[in-house]
file upload_6.txt (compact mmCIF, N, CA and C atoms)
# COMPACT_ATOMS: atom_id res chain seq x y z
N MET J 1 0.83 -1.16 0.00
CA MET J 1 0.00 0.00 0.00
C MET J 1 0.89 1.25 0.00
N THR J 2 0.53 2.23 -0.79
CA THR J 2 1.30 3.46 -0.90
C THR J 2 0.85 4.44 0.17
N ALA J 3 1.80 5.03 0.83
CA ALA J 3 1.48 6.03 1.85
C ALA J 3 0.98 7.29 1.17
N LYS J 4 0.06 7.97 1.82
CA LYS J 4 -0.52 9.19 1.25
C LYS J 4 0.56 10.23 0.95
N ALA J 5 1.59 10.29 1.74
CA ALA J 5 2.67 11.26 1.52
C ALA J 5 3.44 10.97 0.23
N ASP J 6 3.36 9.72 -0.27
CA ASP J 6 4.07 9.36 -1.49
C ASP J 6 3.31 9.75 -2.75
N LEU J 7 2.02 10.06 -2.60
CA LEU J 7 1.21 10.42 -3.76
C LEU J 7 1.44 11.88 -4.13
N PRO J 8 1.47 12.17 -5.44
CA PRO J 8 1.65 13.57 -5.84
C PRO J 8 0.41 14.39 -5.48
N ASP J 9 0.64 15.65 -5.20
CA ASP J 9 -0.44 16.57 -4.89
C ASP J 9 -1.20 16.87 -6.19
N PRO J 10 -2.53 16.56 -6.25
CA PRO J 10 -3.29 16.80 -7.48
C PRO J 10 -3.24 18.26 -7.92
N ALA J 11 -3.25 19.18 -6.98
CA ALA J 11 -3.20 20.60 -7.34
C ALA J 11 -1.88 20.95 -8.02
N ALA J 12 -0.79 20.35 -7.55
CA ALA J 12 0.52 20.62 -8.15
C ALA J 12 0.59 20.08 -9.57
N ILE J 13 -0.14 19.02 -9.85
CA ILE J 13 -0.17 18.45 -11.20
C ILE J 13 -1.05 19.29 -12.12
N GLN J 14 -2.19 19.73 -11.61
CA GLN J 14 -3.18 20.43 -12.43
C GLN J 14 -2.83 21.89 -12.68
N LEU J 15 -2.14 22.53 -11.77
CA LEU J 15 -1.87 23.96 -11.91
C LEU J 15 -1.13 24.32 -13.19
N PRO J 16 -0.04 23.66 -13.57
CA PRO J 16 0.62 24.02 -14.82
C PRO J 16 -0.29 23.84 -16.04
N ALA J 17 -1.10 22.80 -16.03
CA ALA J 17 -2.02 22.57 -17.16
C ALA J 17 -3.09 23.66 -17.20
N THR J 18 -3.57 24.07 -16.05
CA THR J 18 -4.57 25.13 -16.00
C THR J 18 -3.99 26.45 -16.48
N ILE J 19 -2.79 26.77 -16.04
CA ILE J 19 -2.14 28.00 -16.48
C ILE J 19 -1.91 27.97 -17.99
N ALA J 20 -1.49 26.85 -18.52
CA ALA J 20 -1.28 26.72 -19.97
C ALA J 20 -2.59 26.91 -20.72
N ARG J 21 -3.68 26.37 -20.18
CA ARG J 21 -4.99 26.54 -20.83
C ARG J 21 -5.39 28.02 -20.82
N TYR J 22 -5.19 28.69 -19.68
CA TYR J 22 -5.51 30.12 -19.60
C TYR J 22 -4.65 30.92 -20.57
N GLU J 23 -3.38 30.56 -20.71
CA GLU J 23 -2.51 31.26 -21.66
C GLU J 23 -3.08 31.15 -23.08
N ARG J 24 -3.53 29.97 -23.46
CA ARG J 24 -4.09 29.78 -24.80
C ARG J 24 -5.36 30.60 -24.99
N VAL J 25 -6.23 30.62 -23.99
CA VAL J 25 -7.47 31.40 -24.07
C VAL J 25 -7.15 32.88 -24.24
N VAL J 26 -6.21 33.37 -23.44
CA VAL J 26 -5.85 34.79 -23.50
C VAL J 26 -5.18 35.11 -24.83
N GLU J 27 -4.27 34.28 -25.29
CA GLU J 27 -3.59 34.52 -26.58
C GLU J 27 -4.59 34.60 -27.72
N ARG J 28 -5.59 33.72 -27.71
CA ARG J 28 -6.56 33.68 -28.82
C ARG J 28 -7.53 34.84 -28.81
N GLY J 29 -7.95 35.30 -27.64
CA GLY J 29 -9.06 36.24 -27.66
C GLY J 29 -8.92 37.55 -26.94
N PHE J 30 -7.82 37.75 -26.22
CA PHE J 30 -7.74 38.94 -25.38
C PHE J 30 -7.84 40.24 -26.17
N TRP J 31 -6.94 40.47 -27.11
CA TRP J 31 -6.91 41.76 -27.80
C TRP J 31 -8.15 41.97 -28.64
N THR J 32 -8.67 40.93 -29.25
CA THR J 32 -9.88 41.06 -30.05
C THR J 32 -11.03 41.58 -29.19
N LYS J 33 -11.23 40.94 -28.03
CA LYS J 33 -12.33 41.36 -27.16
C LYS J 33 -12.06 42.72 -26.54
N LEU J 34 -10.85 42.93 -26.05
CA LEU J 34 -10.56 44.21 -25.39
C LEU J 34 -10.73 45.38 -26.34
N LEU J 35 -10.19 45.27 -27.53
CA LEU J 35 -10.29 46.39 -28.47
C LEU J 35 -11.73 46.63 -28.91
N LYS J 36 -12.57 45.59 -28.89
CA LYS J 36 -13.98 45.74 -29.25
C LYS J 36 -14.76 46.49 -28.17
N VAL J 37 -14.39 46.30 -26.90
CA VAL J 37 -15.19 46.87 -25.81
C VAL J 37 -14.46 47.97 -25.04
N ALA J 38 -13.24 48.29 -25.40
CA ALA J 38 -12.42 49.22 -24.61
C ALA J 38 -13.10 50.55 -24.35
N GLY J 39 -13.83 51.07 -25.30
CA GLY J 39 -14.50 52.35 -25.11
C GLY J 39 -15.70 52.29 -24.19
N HIS J 40 -16.12 51.08 -23.84
CA HIS J 40 -17.32 50.91 -23.02
C HIS J 40 -17.02 50.48 -21.59
N ILE J 41 -15.77 50.22 -21.29
CA ILE J 41 -15.42 49.77 -19.93
C ILE J 41 -14.34 50.68 -19.35
N PRO J 42 -14.49 51.07 -18.10
CA PRO J 42 -13.52 52.00 -17.51
C PRO J 42 -12.22 51.33 -17.06
N PHE J 43 -12.13 50.01 -17.15
CA PHE J 43 -10.95 49.31 -16.65
C PHE J 43 -10.11 48.72 -17.78
N ALA J 44 -10.25 49.23 -18.99
CA ALA J 44 -9.49 48.71 -20.14
C ALA J 44 -7.98 48.86 -19.94
N GLU J 45 -7.55 49.98 -19.41
CA GLU J 45 -6.12 50.19 -19.18
C GLU J 45 -5.57 49.18 -18.17
N ASP J 46 -6.33 48.90 -17.13
CA ASP J 46 -5.90 47.91 -16.14
C ASP J 46 -5.81 46.51 -16.75
N LEU J 47 -6.78 46.17 -17.58
CA LEU J 47 -6.74 44.87 -18.26
C LEU J 47 -5.48 44.75 -19.12
N ALA J 48 -5.22 45.79 -19.91
CA ALA J 48 -4.05 45.75 -20.79
C ALA J 48 -2.76 45.74 -19.97
N ALA J 49 -2.70 46.48 -18.88
CA ALA J 49 -1.51 46.46 -18.03
C ALA J 49 -1.30 45.07 -17.43
N ALA J 50 -2.38 44.42 -17.04
CA ALA J 50 -2.28 43.05 -16.53
C ALA J 50 -1.73 42.13 -17.61
N TYR J 51 -2.19 42.32 -18.84
CA TYR J 51 -1.69 41.51 -19.96
C TYR J 51 -0.18 41.70 -20.13
N PHE J 52 0.26 42.95 -20.11
CA PHE J 52 1.69 43.21 -20.29
C PHE J 52 2.51 42.72 -19.09
N CYS J 53 1.93 42.71 -17.92
CA CYS J 53 2.60 42.15 -16.76
C CYS J 53 2.80 40.64 -16.95
N VAL J 54 1.77 39.96 -17.44
CA VAL J 54 1.86 38.52 -17.70
C VAL J 54 2.94 38.25 -18.74
N ALA J 55 3.03 39.09 -19.76
CA ALA J 55 4.00 38.90 -20.84
C ALA J 55 5.43 39.22 -20.43
N ASP J 56 5.59 39.93 -19.33
CA ASP J 56 6.91 40.33 -18.86
C ASP J 56 7.65 39.11 -18.28
N PRO J 57 8.82 38.77 -18.83
CA PRO J 57 9.53 37.59 -18.33
C PRO J 57 10.02 37.71 -16.89
N THR J 58 10.04 38.91 -16.33
CA THR J 58 10.48 39.08 -14.95
C THR J 58 9.33 38.90 -13.94
N THR J 59 8.12 38.75 -14.44
CA THR J 59 6.96 38.58 -13.56
C THR J 59 7.00 37.20 -12.93
N PRO J 60 6.85 37.12 -11.61
CA PRO J 60 6.85 35.82 -10.93
C PRO J 60 5.71 34.92 -11.42
N ARG J 61 5.96 33.63 -11.37
CA ARG J 61 4.99 32.64 -11.87
C ARG J 61 3.64 32.74 -11.15
N ARG J 62 3.66 32.93 -9.85
CA ARG J 62 2.41 33.04 -9.09
C ARG J 62 1.58 34.22 -9.56
N VAL J 63 2.24 35.34 -9.80
CA VAL J 63 1.56 36.54 -10.28
C VAL J 63 0.97 36.29 -11.67
N ARG J 64 1.76 35.66 -12.52
CA ARG J 64 1.26 35.32 -13.87
C ARG J 64 0.00 34.47 -13.78
N GLY J 65 0.00 33.49 -12.88
CA GLY J 65 -1.17 32.62 -12.73
C GLY J 65 -2.41 33.37 -12.30
N VAL J 66 -2.26 34.27 -11.32
CA VAL J 66 -3.39 35.06 -10.84
C VAL J 66 -3.93 35.94 -11.95
N LEU J 67 -3.04 36.64 -12.63
CA LEU J 67 -3.49 37.55 -13.69
C LEU J 67 -4.05 36.80 -14.89
N LEU J 68 -3.45 35.68 -15.25
CA LEU J 68 -3.98 34.88 -16.36
C LEU J 68 -5.40 34.41 -16.07
N ALA J 69 -5.67 34.02 -14.84
CA ALA J 69 -7.03 33.60 -14.48
C ALA J 69 -8.01 34.74 -14.68
N ALA J 70 -7.65 35.95 -14.26
CA ALA J 70 -8.53 37.11 -14.42
C ALA J 70 -8.70 37.47 -15.90
N LEU J 71 -7.62 37.44 -16.66
CA LEU J 71 -7.71 37.76 -18.09
C LEU J 71 -8.53 36.71 -18.84
N ALA J 72 -8.36 35.45 -18.49
CA ALA J 72 -9.14 34.39 -19.13
C ALA J 72 -10.62 34.55 -18.80
N TYR J 73 -10.94 34.93 -17.58
CA TYR J 73 -12.34 35.17 -17.20
C TYR J 73 -12.94 36.28 -18.07
N PHE J 74 -12.17 37.32 -18.32
CA PHE J 74 -12.63 38.41 -19.19
C PHE J 74 -12.88 37.91 -20.61
N VAL J 75 -12.01 37.06 -21.12
CA VAL J 75 -12.09 36.61 -22.50
C VAL J 75 -13.19 35.57 -22.71
N MET J 76 -13.36 34.67 -21.76
CA MET J 76 -14.30 33.56 -21.94
C MET J 76 -15.72 34.08 -22.13
N PRO J 77 -16.45 33.45 -23.04
CA PRO J 77 -17.80 33.94 -23.36
C PRO J 77 -18.84 33.68 -22.28
N PHE J 78 -18.57 32.78 -21.37
CA PHE J 78 -19.54 32.49 -20.31
C PHE J 78 -19.00 33.06 -19.00
N ASP J 79 -19.84 33.74 -18.27
CA ASP J 79 -19.46 34.21 -16.95
C ASP J 79 -20.71 34.51 -16.15
N ALA J 80 -20.56 34.98 -14.95
CA ALA J 80 -21.67 35.16 -14.03
C ALA J 80 -22.72 36.14 -14.56
N ILE J 81 -22.28 37.24 -15.13
CA ILE J 81 -23.19 38.22 -15.71
C ILE J 81 -22.81 38.36 -17.18
N PRO J 82 -23.71 38.00 -18.10
CA PRO J 82 -23.38 38.07 -19.53
C PRO J 82 -22.93 39.47 -19.95
N ASP J 83 -21.86 39.53 -20.72
CA ASP J 83 -21.27 40.82 -21.11
C ASP J 83 -22.19 41.66 -21.99
N PHE J 84 -23.14 41.05 -22.66
CA PHE J 84 -23.99 41.82 -23.57
C PHE J 84 -25.06 42.63 -22.83
N LEU J 85 -25.24 42.42 -21.54
CA LEU J 85 -26.22 43.20 -20.78
C LEU J 85 -25.72 44.63 -20.59
N PRO J 86 -26.53 45.61 -20.98
CA PRO J 86 -26.08 46.99 -20.83
C PRO J 86 -25.83 47.35 -19.37
N VAL J 87 -24.89 48.19 -19.14
CA VAL J 87 -24.49 48.75 -17.85
C VAL J 87 -23.86 47.72 -16.92
N ILE J 88 -24.52 46.60 -16.64
CA ILE J 88 -24.01 45.64 -15.66
C ILE J 88 -23.21 44.50 -16.27
N GLY J 89 -23.14 44.42 -17.58
CA GLY J 89 -22.53 43.28 -18.25
C GLY J 89 -21.09 42.99 -17.89
N PHE J 90 -20.31 44.00 -17.58
CA PHE J 90 -18.90 43.80 -17.28
C PHE J 90 -18.57 43.98 -15.80
N THR J 91 -19.58 44.08 -14.95
CA THR J 91 -19.29 44.29 -13.53
C THR J 91 -18.59 43.10 -12.90
N ASP J 92 -18.95 41.89 -13.31
CA ASP J 92 -18.26 40.72 -12.75
C ASP J 92 -16.82 40.66 -13.23
N ASP J 93 -16.59 41.02 -14.49
CA ASP J 93 -15.22 41.05 -15.02
C ASP J 93 -14.39 42.08 -14.26
N ALA J 94 -14.98 43.24 -14.00
CA ALA J 94 -14.27 44.29 -13.26
C ALA J 94 -13.94 43.82 -11.84
N ALA J 95 -14.88 43.11 -11.21
CA ALA J 95 -14.65 42.63 -9.85
C ALA J 95 -13.53 41.59 -9.82
N VAL J 96 -13.54 40.66 -10.76
CA VAL J 96 -12.49 39.64 -10.82
C VAL J 96 -11.13 40.30 -11.04
N LEU J 97 -11.07 41.26 -11.97
CA LEU J 97 -9.81 41.96 -12.23
C LEU J 97 -9.35 42.75 -11.01
N ALA J 98 -10.27 43.42 -10.35
CA ALA J 98 -9.91 44.22 -9.17
C ALA J 98 -9.32 43.33 -8.07
N ILE J 99 -9.91 42.17 -7.87
CA ILE J 99 -9.38 41.24 -6.86
C ILE J 99 -7.99 40.77 -7.26
N ALA J 100 -7.84 40.39 -8.53
CA ALA J 100 -6.54 39.90 -9.00
C ALA J 100 -5.47 40.99 -8.84
N ILE J 101 -5.80 42.20 -9.25
CA ILE J 101 -4.82 43.29 -9.15
C ILE J 101 -4.50 43.59 -7.69
N ALA J 102 -5.49 43.54 -6.82
CA ALA J 102 -5.23 43.77 -5.40
C ALA J 102 -4.26 42.74 -4.84
N LEU J 103 -4.37 41.50 -5.32
CA LEU J 103 -3.49 40.44 -4.84
C LEU J 103 -2.04 40.60 -5.31
N VAL J 104 -1.85 41.19 -6.48
CA VAL J 104 -0.50 41.22 -7.08
C VAL J 104 -0.08 42.63 -7.49
N SER J 105 -0.68 43.65 -6.92
CA SER J 105 -0.47 45.02 -7.38
C SER J 105 0.99 45.46 -7.44
N LYS J 106 1.82 44.95 -6.54
CA LYS J 106 3.23 45.36 -6.54
C LYS J 106 3.99 44.86 -7.76
N SER J 107 3.45 43.86 -8.43
CA SER J 107 4.13 43.31 -9.61
C SER J 107 3.73 44.00 -10.90
N ILE J 108 2.65 44.78 -10.89
CA ILE J 108 2.23 45.50 -12.09
C ILE J 108 2.92 46.86 -12.03
N LYS J 109 3.89 47.02 -12.90
CA LYS J 109 4.77 48.19 -12.88
C LYS J 109 4.26 49.29 -13.81
N GLU J 110 4.83 50.47 -13.64
CA GLU J 110 4.48 51.60 -14.51
C GLU J 110 4.77 51.27 -15.97
N ARG J 111 5.82 50.49 -16.24
CA ARG J 111 6.13 50.13 -17.64
C ARG J 111 5.00 49.31 -18.26
N HIS J 112 4.29 48.53 -17.45
CA HIS J 112 3.16 47.75 -17.96
C HIS J 112 2.01 48.70 -18.31
N TYR J 113 1.80 49.71 -17.47
CA TYR J 113 0.76 50.70 -17.76
C TYR J 113 1.12 51.55 -18.97
N ARG J 114 2.40 51.91 -19.13
CA ARG J 114 2.82 52.67 -20.31
C ARG J 114 2.56 51.87 -21.58
N ALA J 115 2.90 50.58 -21.55
CA ALA J 115 2.66 49.71 -22.71
C ALA J 115 1.17 49.59 -22.98
N ALA J 116 0.37 49.52 -21.93
CA ALA J 116 -1.09 49.42 -22.08
C ALA J 116 -1.64 50.69 -22.74
N ARG J 117 -1.21 51.84 -22.25
CA ARG J 117 -1.70 53.10 -22.82
C ARG J 117 -1.28 53.23 -24.28
N ALA J 118 -0.06 52.82 -24.59
CA ALA J 118 0.41 52.90 -25.98
C ALA J 118 -0.43 51.99 -26.88
N ARG J 119 -0.70 50.79 -26.45
CA ARG J 119 -1.47 49.83 -27.26
C ARG J 119 -2.91 50.28 -27.44
N LEU J 120 -3.47 50.91 -26.41
CA LEU J 120 -4.86 51.35 -26.48
C LEU J 120 -5.01 52.76 -27.05
N GLY J 121 -3.91 53.44 -27.33
CA GLY J 121 -3.97 54.79 -27.88
C GLY J 121 -4.38 55.83 -26.85
N ILE J 122 -4.08 55.58 -25.59
CA ILE J 122 -4.39 56.52 -24.51
C ILE J 122 -3.16 57.39 -24.29
N PRO J 123 -3.33 58.71 -24.31
CA PRO J 123 -2.16 59.58 -24.10
C PRO J 123 -1.59 59.42 -22.69
N GLU J 124 -0.30 59.65 -22.58
CA GLU J 124 0.36 59.60 -21.28
C GLU J 124 -0.15 60.77 -20.44
N PRO J 125 -0.31 60.56 -19.13
CA PRO J 125 -0.72 61.67 -18.27
C PRO J 125 0.39 62.72 -18.22
N PRO J 126 0.01 63.97 -18.01
CA PRO J 126 1.04 65.03 -17.95
C PRO J 126 1.96 64.81 -16.75
N ALA J 127 3.21 65.16 -16.93
CA ALA J 127 4.18 65.06 -15.83
C ALA J 127 3.86 66.08 -14.77
N ASP J 128 4.14 65.74 -13.53
CA ASP J 128 3.84 66.68 -12.41
C ASP J 128 4.73 67.86 -12.44
call {"tool": "encode", "arguments": {"input": "upload_6.txt", "output": "structure tokens"}}
result
Amino acid sequence: MTAKADLPDPAAIQLPATIARYERVVERGFWTKLLKVAGHIPFAEDLAAAYFCVADPTTPRRVRGVLLAALAYFVMPFDAIPDFLPVIGFTDDAAVLAIAIALVSKSIKERHYRAARARLGIPEPPAD
């Protein structure tokens, strides 16, 4: 009989596969969806900054996992509140992103926000 301590942790096995699946979802649909709805959501810059943080090779793996989950939730067509509903359609996406950013905010750098603004065509804020 195998001791329980000898068995691999199922979460440790599934996590890399889950992260890889989220990466594929985000790669396929992130920019298409974001650019389609960017003018209708106030958190487009944060979404794009999260994307650039994930793409940054210096970003820790744990941070990438958290942000990829939030970005995949935004991209996936099914969620708690359907995106096509006026006014409230993206509130669940905003909440998921806000939680993810709160968890890893120190890893999202100004360079990620600069890249986000450049990609979305948002002018840089004036210098103080």
call {"tool": "atom_distance", "arguments": {"input": "upload_6.txt", "atom1": "atom N of J:Tyr22", "atom2": "atom N of J:Arg114"}}
result
24.4 Å
call {"tool": "atom_distance", "arguments": {"input": "upload_6.txt", "atom1": "atom CA of J:His40", "atom2": "atom CA of J:Ala102"}}
result
22.5 Å
call {"tool": "residues_near_point", "arguments": {"input": "upload_6.txt", "point": "(0.3, 50.7, -15.2)", "cutoff": "8 Å", "atoms": "only N, CA and C atoms", "output": "PyMOL selection string"}}
result
chain J and resi 45-46+48-50+108-117
call {"tool": "atom_distance", "arguments": {"input": "upload_6.txt", "atom1": "atom C of J:Ile41", "atom2": "atom N of J:Ala98"}}
result
12.3 Å
call {"tool": "select_by_dssp", "arguments": {"input": "upload_6.txt", "residues": "stretch 7-61 of chain J", "states": "helix (DSSP H, G or I)", "output": "MDAnalysis selection string"}}
result
chainID J and resid 10:40 44:55 61
call {"tool": "residues_near_point", "arguments": {"input": "upload_6.txt", "point": "(-4.5, 36.5, -18.6)", "cutoff": "7 Å", "atoms": "only C-alpha atoms", "output": "number ranges by chain"}}
result
J: 22-23, 26, 51, 54, 67-72
call {"tool": "residues_around", "arguments": {"input": "upload_6.txt", "residues": "J:Leu34", "least_positions_apart": "6", "cutoff": "9 Å", "atoms": "only C-alpha atoms", "output": "number ranges by chain"}}
result
J: 44, 47-48, 74-75
call {"tool": "closest_residue", "arguments": {"input": "upload_6.txt", "among": "J:Ala100, J:Leu120, J:Ala17, J:Cys53", "to": "J:Lys36", "atoms": "only C-alpha atoms"}}
result
J:Leu120
call {"tool": "closest_residue", "arguments": {"input": "upload_6.txt", "among": "J:Phe52, J:Phe30, J:Phe78, J:Phe43", "to": "J:Ala94", "atoms": "all atoms listed in the file"}}
result
J:Phe43
call {"tool": "closest_residue", "arguments": {"input": "upload_6.txt", "among": "J:Tyr73, J:Gly39, J:Pro60, J:Arg24", "to": "J:Ile122", "atoms": "only C-alpha atoms"}}
result
J:Gly39
call {"tool": "build_atoms", "arguments": {"input": "upload_6.txt", "residues": "stretch 64-78 of chain J", "atoms": "N, CA, C and O atoms", "output": "compact mmCIF listing (two decimals), in the frame of the given file"}}
result
# COMPACT_ATOMS: atom_id res chain seq x y z
N ARG J 64 1.76 35.66 -12.52
CA ARG J 64 1.26 35.32 -13.87
C ARG J 64 0.00 34.47 -13.78
O ARG J 64 -0.97 34.69 -14.51
N GLY J 65 0.00 33.49 -12.88
CA GLY J 65 -1.17 32.62 -12.73
C GLY J 65 -2.41 33.37 -12.30
O GLY J 65 -3.50 33.17 -12.85
N VAL J 66 -2.26 34.27 -11.32
CA VAL J 66 -3.39 35.06 -10.84
C VAL J 66 -3.93 35.94 -11.95
O VAL J 66 -5.14 35.99 -12.20
N LEU J 67 -3.04 36.64 -12.63
CA LEU J 67 -3.49 37.55 -13.69
C LEU J 67 -4.05 36.80 -14.89
O LEU J 67 -5.03 37.24 -15.50
N LEU J 68 -3.45 35.68 -15.25
CA LEU J 68 -3.98 34.88 -16.36
C LEU J 68 -5.40 34.41 -16.07
O LEU J 68 -6.25 34.39 -16.97
N ALA J 69 -5.67 34.02 -14.84
CA ALA J 69 -7.03 33.60 -14.48
C ALA J 69 -8.01 34.74 -14.68
O ALA J 69 -9.10 34.55 -15.24
N ALA J 70 -7.65 35.95 -14.26
CA ALA J 70 -8.53 37.11 -14.42
C ALA J 70 -8.70 37.47 -15.90
O ALA J 70 -9.82 37.76 -16.35
N LEU J 71 -7.62 37.44 -16.66
CA LEU J 71 -7.71 37.76 -18.09
C LEU J 71 -8.53 36.71 -18.84
O LEU J 71 -9.32 37.05 -19.73
N ALA J 72 -8.36 35.45 -18.49
CA ALA J 72 -9.14 34.39 -19.13
C ALA J 72 -10.62 34.55 -18.80
O ALA J 72 -11.48 34.35 -19.66
N TYR J 73 -10.94 34.93 -17.58
CA TYR J 73 -12.34 35.17 -17.20
C TYR J 73 -12.94 36.28 -18.07
O TYR J 73 -14.08 36.18 -18.52
N PHE J 74 -12.17 37.32 -18.32
CA PHE J 74 -12.63 38.41 -19.19
C PHE J 74 -12.88 37.91 -20.61
O PHE J 74 -13.87 38.28 -21.24
N VAL J 75 -12.01 37.06 -21.12
CA VAL J 75 -12.09 36.61 -22.50
C VAL J 75 -13.19 35.57 -22.71
O VAL J 75 -13.88 35.60 -23.73
N MET J 76 -13.36 34.67 -21.76
CA MET J 76 -14.30 33.56 -21.94
C MET J 76 -15.72 34.08 -22.13
O MET J 76 -16.14 35.02 -21.45
N PRO J 77 -16.45 33.45 -23.04
CA PRO J 77 -17.80 33.94 -23.36
C PRO J 77 -18.84 33.68 -22.28
O PRO J 77 -19.89 34.28 -22.28
N PHE J 78 -18.57 32.78 -21.37
CA PHE J 78 -19.54 32.49 -20.31
C PHE J 78 -19.00 33.06 -19.00
O PHE J 78 -17.82 32.95 -18.70
